[in-house]
$ cat protein07.txt   # compact mmCIF, C-alpha atoms
# COMPACT_ATOMS: atom_id res chain seq x y z
CA MET A 1 0.00 0.00 0.00
CA ALA A 2 2.80 2.42 0.95
CA ALA A 3 4.74 1.55 -2.21
CA ALA A 4 1.69 2.24 -4.34
CA ARG A 5 1.30 5.67 -2.76
CA VAL A 6 4.95 6.49 -3.46
CA LEU A 7 4.69 5.37 -7.08
CA GLY A 8 1.60 7.52 -7.53
CA SER A 9 3.10 10.64 -5.99
CA ARG A 10 4.57 13.33 -8.20
CA ASP A 11 6.67 14.59 -5.29
CA LEU A 12 7.97 11.49 -3.56
CA LEU A 13 8.89 9.25 -6.47
CA PRO A 14 11.67 11.46 -7.89
CA LEU A 15 13.13 11.94 -4.42
CA VAL A 16 13.16 8.22 -3.65
CA SER A 17 14.64 7.45 -7.05
CA ALA A 18 17.38 10.01 -6.58
CA TYR A 19 18.18 8.65 -3.14
CA GLN A 20 18.41 5.08 -4.40
CA ARG A 21 20.67 5.84 -7.33
CA GLY A 22 22.55 8.78 -5.88
CA THR A 23 22.59 12.24 -7.46
CA PRO A 24 24.07 12.19 -10.97
CA GLN A 25 26.87 14.64 -11.76
CA GLU A 26 24.66 16.26 -14.38
CA ILE A 27 22.07 17.19 -11.74
CA LEU A 28 24.73 18.55 -9.42
CA GLU A 29 26.08 20.77 -12.18
CA LEU A 30 22.61 22.00 -13.07
CA ARG A 31 21.96 22.81 -9.43
CA GLU A 32 25.19 24.81 -9.29
CA LEU A 33 24.02 26.87 -12.24
CA LEU A 34 20.67 27.55 -10.58
CA ASP A 35 22.14 28.30 -7.18
CA ALA A 36 24.38 30.98 -8.74
CA ILE A 37 21.39 32.96 -10.02
CA ASP A 38 20.51 36.13 -8.10
CA LEU A 39 16.76 35.69 -7.66
CA ALA A 40 16.55 38.75 -5.41
CA GLY A 41 18.11 40.88 -8.13
CA LEU A 42 15.67 39.58 -10.72
CA HIS A 43 12.78 40.22 -8.36
CA ALA A 44 13.90 43.82 -7.82
CA LEU A 45 13.90 44.42 -11.58
CA LEU A 46 10.48 42.80 -11.86
CA LEU A 47 8.88 45.01 -9.22
CA ALA A 48 10.50 48.11 -10.73
CA ALA A 49 8.94 47.24 -14.10
CA ASP A 50 12.44 47.62 -15.52
CA ASP A 51 12.59 47.36 -19.30
CA THR A 52 15.66 45.15 -19.02
CA TYR A 53 13.93 42.54 -16.85
CA PRO A 54 13.00 40.00 -19.58
CA ALA A 55 16.42 40.13 -21.22
CA THR A 56 18.12 39.91 -17.82
CA CYS A 57 16.08 36.82 -16.96
CA PHE A 58 16.94 35.09 -20.22
CA ALA A 59 20.61 35.93 -19.72
CA ALA A 60 20.60 34.70 -16.11
CA PHE A 61 19.12 31.32 -17.06
CA ALA A 62 20.92 30.99 -20.42
CA ALA A 63 23.57 28.49 -19.33
CA PHE A 64 21.01 26.38 -17.47
CA HIS A 65 18.54 26.53 -20.36
CA LYS A 66 21.19 25.38 -22.81
CA ARG A 67 22.01 22.25 -20.81
CA VAL A 68 18.80 21.18 -19.12
CA LEU A 69 16.53 18.46 -20.50
CA PRO A 70 12.87 17.96 -19.49
CA ALA A 71 13.65 14.96 -17.31
CA SER A 72 16.60 16.70 -15.69
CA LEU A 73 14.50 19.77 -14.97
CA LEU A 74 11.97 17.69 -13.06
CA ARG A 75 14.78 16.10 -11.06
CA VAL A 76 16.28 19.48 -10.18
CA ALA A 77 12.85 20.82 -9.25
CA PHE A 78 12.70 18.32 -6.38
CA THR A 79 15.93 19.47 -4.75
CA LYS A 80 16.89 22.44 -2.61
CA SER A 81 17.27 24.37 -5.87
CA ARG A 82 13.50 24.21 -6.37
CA PRO A 83 12.84 28.02 -6.09
CA ALA A 84 15.25 28.82 -8.92
CA ALA A 85 13.87 25.92 -10.96
CA VAL A 86 10.33 27.23 -10.47
CA TYR A 87 11.45 30.72 -11.47
CA TYR A 88 13.03 29.28 -14.60
CA ALA A 89 9.82 27.39 -15.38
CA LEU A 90 7.76 30.57 -15.03
CA VAL A 91 10.11 32.47 -17.32
CA HIS A 92 10.09 29.75 -19.99
CA GLY A 93 6.51 28.58 -19.52
CA ASN A 94 7.23 25.05 -18.28
CA LEU A 95 3.89 24.07 -16.78
CA ALA A 96 5.08 20.67 -15.52
CA VAL A 97 7.35 22.33 -12.96
CA VAL A 98 4.85 25.07 -12.11
CA ARG A 99 2.31 22.38 -11.22
CA GLY A 100 4.69 21.13 -8.56
CA MET A 101 5.10 24.58 -7.01
CA ARG A 102 4.66 24.54 -3.26
CA THR A 103 4.15 27.20 -0.61
CA SER A 104 7.87 27.29 0.16
CA SER A 105 8.67 27.89 -3.50
CA ARG A 106 6.15 30.71 -3.76
CA ALA A 107 7.64 32.34 -0.69
CA ALA A 108 11.16 31.98 -2.06
CA ILE A 109 10.21 33.89 -5.22
CA SER A 110 8.24 36.47 -3.21
CA ASN A 111 4.92 35.08 -4.44
CA SER A 112 5.53 36.67 -7.86
CA GLN A 113 4.40 33.74 -10.01
CA TRP A 114 1.46 35.65 -11.47
CA ILE A 115 3.59 38.65 -12.42
CA ILE A 116 6.30 36.53 -14.06
CA ALA A 117 3.85 34.46 -16.08
CA ALA A 118 2.02 37.58 -17.30
CA THR A 119 5.27 39.38 -18.10
CA PHE A 120 6.41 36.60 -20.41
CA GLY A 121 2.96 36.07 -21.89
CA HIS A 122 2.46 32.43 -20.88
CA PHE A 123 -1.31 32.06 -21.18
CA HIS A 124 -1.30 28.37 -20.26
CA VAL A 125 0.54 29.13 -17.02
CA VAL A 126 -1.83 31.99 -16.20
CA GLU A 127 -4.77 29.68 -16.84
CA TYR A 128 -3.32 27.11 -14.45
CA LEU A 129 -2.71 29.76 -11.79
CA HIS A 130 -6.26 31.01 -12.22
CA ARG A 131 -7.61 27.53 -11.55
CA HIS A 132 -5.29 26.53 -8.73
CA ASP A 133 -3.67 29.67 -7.30
CA TRP A 134 -6.34 32.36 -7.65
CA ALA A 135 -6.04 33.33 -3.98
CA ASN A 136 -2.49 34.55 -4.63
CA TYR A 137 -3.35 36.71 -7.64
CA ASP A 138 -1.28 39.91 -7.74
CA PRO A 139 -2.64 43.00 -9.58
CA ARG A 140 0.90 43.65 -10.74
CA ALA A 141 0.35 40.84 -13.24
CA MET A 142 -2.09 43.09 -15.07
CA LYS A 143 0.31 45.99 -14.65
CA ALA A 144 3.13 43.99 -16.25
CA ALA A 145 0.95 43.02 -19.20
CA ALA A 146 -0.27 46.59 -19.70
CA MET A 147 3.13 48.23 -19.43
CA ARG A 148 4.74 45.74 -21.79
CA GLY A 149 2.01 46.28 -24.34
CA ASN A 150 0.67 42.72 -24.28
CA LEU A 151 -2.93 43.57 -25.10
CA ALA A 152 -3.88 39.92 -25.55
CA MET A 153 -2.78 39.19 -21.97
CA VAL A 154 -4.63 42.28 -20.70
CA VAL A 155 -7.81 41.08 -22.40
CA TYR A 156 -7.30 37.54 -21.09
CA LEU A 157 -6.84 38.70 -17.51
CA GLU A 158 -9.94 40.86 -17.83
CA ASP A 159 -11.90 37.86 -19.10
CA LEU A 160 -10.77 35.94 -16.03
CA GLY A 161 -12.09 38.72 -13.81
CA TYR A 162 -8.86 40.50 -12.91
CA TRP A 163 -9.54 43.95 -14.38
CA SER A 164 -7.91 46.94 -12.67
CA PRO A 165 -8.97 50.61 -12.85
CA HIS A 166 -5.28 51.50 -13.17
CA VAL A 167 -4.75 49.87 -16.57
CA LEU A 168 -5.13 53.15 -18.46
CA ARG A 169 -2.56 54.88 -16.28
CA TRP A 170 -0.10 52.00 -16.57
CA ALA A 171 -0.47 51.87 -20.34
CA CYS A 172 -0.09 55.62 -20.76
CA THR A 173 3.05 55.95 -18.66
CA ALA A 174 4.61 53.08 -20.62
CA GLY A 175 3.62 54.54 -23.97
CA GLN A 176 1.39 51.60 -24.93
CA LEU A 177 -1.23 53.44 -26.98
CA HIS A 178 -3.12 50.34 -28.14
CA VAL A 179 -3.58 49.20 -24.54
CA ALA A 180 -4.62 52.73 -23.54
CA GLU A 181 -7.25 52.74 -26.28
CA PHE A 182 -8.62 49.44 -24.98
CA ALA A 183 -8.69 50.71 -21.40
CA ASN A 184 -10.31 53.98 -22.47
CA ASP A 185 -13.44 52.10 -23.55
CA ARG A 186 -13.81 50.83 -19.99
CA GLU A 187 -13.30 54.17 -18.23
CA THR A 188 -16.26 55.84 -16.55
CA THR A 189 -14.38 59.00 -15.57
CA ARG A 190 -11.99 61.37 -17.30
CA SER A 191 -10.01 62.06 -14.15
CA LEU A 192 -6.43 60.91 -14.68
CA GLY A 193 -4.33 63.33 -12.63
CA ALA A 194 -1.31 65.54 -13.28
CA GLY A 195 1.12 62.82 -12.23
CA THR A 196 0.16 60.56 -15.12
CA ILE A 197 0.16 63.39 -17.66
CA ASN A 198 3.59 64.50 -16.44
CA ASP A 199 4.92 60.95 -16.72
CA VAL A 200 3.67 60.76 -20.30
CA VAL A 201 5.41 64.04 -21.15
CA ARG A 202 8.55 62.96 -19.31
CA SER A 203 8.79 59.79 -21.41
CA GLY A 204 8.15 61.67 -24.65
CA ASN A 205 5.05 59.70 -25.65
CA PHE A 206 3.44 62.37 -27.80
CA PRO A 207 0.84 60.07 -29.46
CA VAL A 208 -0.40 59.05 -25.99
CA LEU A 209 -0.51 62.69 -24.89
CA ARG A 210 -2.57 63.65 -27.93
CA PHE A 211 -4.89 60.68 -27.31
CA LEU A 212 -5.53 61.80 -23.73
CA HIS A 213 -6.28 65.34 -24.87
CA GLU A 214 -8.63 64.21 -27.62
CA ASN A 215 -10.53 62.03 -25.15
CA GLY A 216 -11.02 64.84 -22.65
CA TYR A 217 -8.84 63.69 -19.77
CA ASP A 218 -7.80 66.17 -17.09
CA GLY A 219 -4.42 66.52 -15.41
CA PHE A 220 -2.79 68.85 -17.94
CA SER A 221 -0.86 71.61 -16.17
CA ASP A 222 1.91 74.19 -16.60
CA GLU A 223 4.25 71.67 -14.99
CA ALA A 224 3.91 69.52 -18.11
CA VAL A 225 5.31 72.43 -20.14
CA ASP A 226 8.21 72.74 -17.69
CA ILE A 227 9.03 69.04 -18.11
CA ALA A 228 8.82 69.22 -21.90
CA ALA A 229 11.08 72.28 -21.95
CA ALA A 230 13.79 70.53 -19.93
CA ARG A 231 13.62 67.65 -22.42
CA GLY A 232 13.81 69.97 -25.41
CA ASP A 233 10.48 68.63 -26.65
CA LEU A 234 9.28 71.60 -28.68
CA ALA A 235 6.46 69.66 -30.37
CA THR A 236 4.88 68.89 -27.00
CA ILE A 237 5.31 72.48 -25.82
CA ARG A 238 3.57 73.77 -28.94
CA PHE A 239 0.79 71.23 -28.48
CA LEU A 240 0.20 72.16 -24.84
CA ASN A 241 0.29 75.82 -25.77
CA ASP A 242 -2.11 75.55 -28.71
CA LYS A 243 -4.54 72.92 -27.41
CA ARG A 244 -4.54 73.46 -23.65
CA ARG A 245 -3.47 77.11 -23.42
CA LEU A 246 -0.61 76.19 -21.11
CA ARG A 247 2.49 78.39 -21.01
CA GLY A 248 4.63 76.88 -18.26
CA THR A 249 6.21 78.51 -15.22
CA ARG A 250 9.56 80.29 -14.90
CA ASN A 251 11.08 76.83 -14.54
CA ALA A 252 10.31 76.08 -18.18
CA MET A 253 12.91 78.46 -19.57
CA LEU A 254 15.37 77.70 -16.78
CA GLY A 255 15.14 73.99 -17.58
CA ALA A 256 15.59 74.64 -21.29
CA VAL A 257 18.64 76.80 -20.54
CA ASP A 258 20.18 74.13 -18.31
CA HIS A 259 20.09 71.66 -21.19
CA ASN A 260 21.01 74.21 -23.87
CA HIS A 261 17.77 73.88 -25.85
CA ILE A 262 18.07 77.09 -27.87
CA GLU A 263 14.94 76.57 -30.00
CA VAL A 264 12.82 75.97 -26.92
CA VAL A 265 14.20 79.12 -25.29
CA ARG A 266 13.31 81.15 -28.37
CA TYR A 267 9.78 79.76 -28.41
CA LEU A 268 9.22 80.37 -24.70
CA ASP A 269 10.63 83.86 -24.98
CA LYS A 270 8.06 84.64 -27.65
CA HIS A 271 4.98 82.90 -26.23
CA CYS A 272 5.34 82.76 -22.44
CA ARG A 273 5.10 85.54 -19.87
CA ALA A 274 6.45 83.83 -16.77
CA ASN A 275 10.06 83.81 -17.95
CA ASP A 276 12.85 84.97 -15.67
CA ILE A 277 15.17 86.58 -18.22
CA ALA A 278 17.81 87.74 -15.75
CA GLY A 279 17.90 84.36 -14.04
CA SER A 280 17.97 82.53 -17.37
CA LEU A 281 20.88 84.64 -18.61
CA ARG A 282 22.81 83.99 -15.40
CA ARG A 283 22.09 80.27 -15.72
CA ALA A 284 23.23 80.23 -19.36
CA ALA A 285 26.44 82.06 -18.44
CA ALA A 286 27.13 79.72 -15.52
CA CYS A 287 26.70 76.70 -17.81
CA GLY A 288 28.95 78.13 -20.51
CA HIS A 289 26.20 78.20 -23.14
CA LEU A 290 27.57 80.97 -25.35
CA GLU A 291 24.83 80.73 -27.99
CA LEU A 292 22.15 81.27 -25.37
CA VAL A 293 24.09 84.11 -23.75
CA THR A 294 24.39 85.73 -27.17
CA TYR A 295 20.66 85.31 -27.76
CA PHE A 296 19.65 86.94 -24.48
CA CYS A 297 22.13 89.78 -24.85
CA SER A 298 20.94 90.52 -28.38
CA HIS A 299 17.31 90.75 -27.24
CA TYR A 300 17.66 92.37 -23.80
CA GLU A 301 19.85 95.24 -22.60
CA GLY A 302 20.96 96.43 -19.22
CA GLU A 303 24.11 96.78 -17.19
CA THR A 304 22.56 94.78 -14.37
CA LEU A 305 21.96 91.84 -16.70
CA LEU A 306 25.56 91.88 -17.91
CA VAL A 307 27.03 92.19 -14.43
CA GLY A 308 24.92 89.32 -13.12
CA ALA A 309 25.88 87.09 -16.04
CA LEU A 310 29.58 87.90 -15.66
CA GLU A 311 29.51 87.09 -11.96
CA ALA A 312 27.75 83.78 -12.65
CA ALA A 313 30.30 82.77 -15.29
CA ARG A 314 33.25 83.74 -13.08
CA ARG A 315 31.84 81.78 -10.13
CA SER A 316 31.66 78.70 -12.33
CA LEU A 317 35.22 79.30 -13.55
CA ARG A 318 36.51 79.19 -9.97
CA VAL A 319 35.22 75.66 -9.39
CA VAL A 320 35.19 74.08 -12.84
CA ALA A 321 37.29 70.93 -13.36
CA SER A 322 36.60 70.12 -17.00
CA ARG A 323 38.94 71.70 -19.53
CA THR A 324 36.19 71.83 -22.15
CA LEU A 325 33.78 73.60 -19.81
CA ARG A 326 36.52 76.00 -18.72
CA GLU A 327 37.12 77.01 -22.33
CA ARG A 328 33.39 77.56 -22.83
CA LEU A 329 33.14 79.69 -19.71
CA GLU A 330 36.16 81.75 -20.73
CA ALA A 331 34.49 82.40 -24.09
CA VAL A 332 31.34 83.57 -22.30
CA VAL A 333 33.33 85.88 -20.01
CA ALA A 334 35.22 87.36 -22.96
CA TYR A 335 31.97 87.96 -24.85
CA LEU A 336 30.26 89.65 -21.91
CA GLN A 337 33.27 91.84 -21.19
CA ARG A 338 33.20 93.10 -24.77
CA LEU A 339 29.57 94.12 -24.31
CA ARG A 340 30.15 96.17 -21.18
CA PRO A 341 30.45 99.90 -21.92
CA THR A 342 33.84 101.49 -21.34
CA PRO A 343 33.73 103.83 -18.31
CA PRO A 344 34.09 107.54 -19.16
CA ALA A 345 37.53 109.06 -18.67
CA ASP A 346 36.21 111.25 -15.82
CA ASP A 347 35.43 108.11 -13.86
CA ALA A 348 39.07 107.04 -13.89
CA ALA A 349 40.75 106.80 -10.50
CA CYS A 350 42.24 110.09 -9.16
CA THR A 351 45.95 110.39 -8.49
CA ILE A 352 46.95 112.60 -5.55
CA GLN A 353 50.05 114.65 -6.32
$ encode --input "protein07.txt" --output "structure tokens"
Amino acid sequence: MAAARVLGSRDLLPLVSAYQRGTPQEILELRELLDAIDLAGLHALLLAADDTYPATCFAAFAAFHKRVLPASLLRVAFTKSRPAAVYYALVHGNLAVVRGMRTSSRAAISNSQWIIAATFGHFHVVEYLHRHDWANYDPRAMKAAAMRGNLAMVVYLEDLGYWSPHVLRWACTAGQLHVAEFANDRETTRSLGAGTINDVVRSGNFPVLRFLHENGYDGFSDEAVDIAAARGDLATIRFLNDKRRLRGTRNAMLGAVDHNHIEVVRYLDKHCRANDIAGSLRRAAACGHLELVTYFCSHYEGETLLVGALEAARRSLRVVASRTLRERLEAVVAYLQRLRPTPPADDAACTIQ
């Protein structure tokens, strides 16, 4: 009776067999490969929704994947290397190993089986988890599918009953327009928030930004113009100006100056009223941006402006380490000195006889 139970057990039979025959060298070598994998590092990339996560996973398991055979994988999965074997199975969609996943294995991979399976688009694994592990569902599985643009997985998870009201936001911040369009049809409100709009602008996803405007979402603000200016994204600045009547704050021009975006500075100078010209000139001088300094000085006059810019450039010269930047700052100082009017002869210092 006991023997029959062992023979019918998916867990015990491989262990007994391994004990009777000893552990083959092949299995030991495979275990060494698995034990060397940094699961915590992979998990950190997963939770951060890092774009490099899939490629990093494939690279981490590459040597193991090249050598392992189906039978060997099942053997390794019933050793102390089980967590790494389960992680490998989730990455590569090996359902046979996932079926043998136990509570200890889930804990060892931080209960991230749903997220991993959704990230790599393994529908058969997700289906199995839905049937047998639904209590451990993690909404970040939907987030992973949305942010990686896997619309089919998003639809599948919705069909299984795992829809999230955050899908639109996730898709927009990741630039996945087709997923955003799908989520838009399920939205009952047009309240998205400035944070999401700013993230879209920050990532340069202009088609998504236009989509959100055309569908009447809120959250557009002057801060979005500031972000676009720092990125040098003139198309977005024009769009926000024309369609949303947004001009940006004083930080828009300052950010454009910091990154030497001359065309953005020209546009803001013409269309925006919140610009700090004196501060922008000082910032341009301190950064050694001669073209910008020339632009400001050709459009604005004043001894105070010149003095402030000269002081800013000279302060930078005192602490600069880069030879290239030093040369740029010296060019700015020379240019500004040429612009300063020569003091009248009467103002020359007196000499007491």
$ residues_around --input "protein07.txt" --residues "Leu39 of chain A" --least-positions-apart "6" --cutoff "9 Å" --atoms "all atoms listed in the file" --output "list in words"
Pro83, Ala84, Tyr87, Ala108 and Ile109 of chain A
$ atom_distance --input "protein07.txt" --atom1 "atom CA of Leu42 of chain A" --atom2 "atom CA of Asn136 of chain A"
19.8 Å
$ closest_residue --input "protein07.txt" --among "A:Thr196, A:Asn94, A:Asn111, A:Thr56" --to "Ala71 of chain A" --atoms "only C-alpha atoms"
A:Asn94
$ residues_around --input "protein07.txt" --residues "Val264 of chain A" --least-positions-apart "3" --cutoff "8 Å" --atoms "all atoms listed in the file" --output "ChimeraX atom specification"
/A:229,232-234,253,256,261,267-268
$ atom_distance --input "protein07.txt" --atom1 "atom CA of His166 of chain A" --atom2 "atom CA of Gly219 of chain A"
15.2 Å
$ residues_around --input "protein07.txt" --residues "Glu214 of chain A" --least-positions-apart "6" --cutoff "12 Å" --atoms "only C-alpha atoms" --output "PyMOL selection string"
chain A and resi 181+184+190+207-208+239+243-244
$ write_last_selection --input "protein07.txt" --atoms "C-alpha atoms" --output "compact mmCIF listing (two decimals), keeping the file's coordinate frame"
# COMPACT_ATOMS: atom_id res chain seq x y z
CA GLU A 181 -7.25 52.74 -26.28
CA ASN A 184 -10.31 53.98 -22.47
CA ARG A 190 -11.99 61.37 -17.30
CA PRO A 207 0.84 60.07 -29.46
CA VAL A 208 -0.40 59.05 -25.99
CA PHE A 239 0.79 71.23 -28.48
CA LYS A 243 -4.54 72.92 -27.41
CA ARG A 244 -4.54 73.46 -23.65
$ closest_residue --input "protein07.txt" --among "A:Arg338, A:Arg326, A:Arg250, A:Arg202" --to "Cys297 of chain A" --atoms "only C-alpha atoms"
A:Arg338
$ atom_distance --input "protein07.txt" --atom1 "atom CA of Ala180 of chain A" --atom2 "atom CA of Leu209 of chain A"
10.9 Å
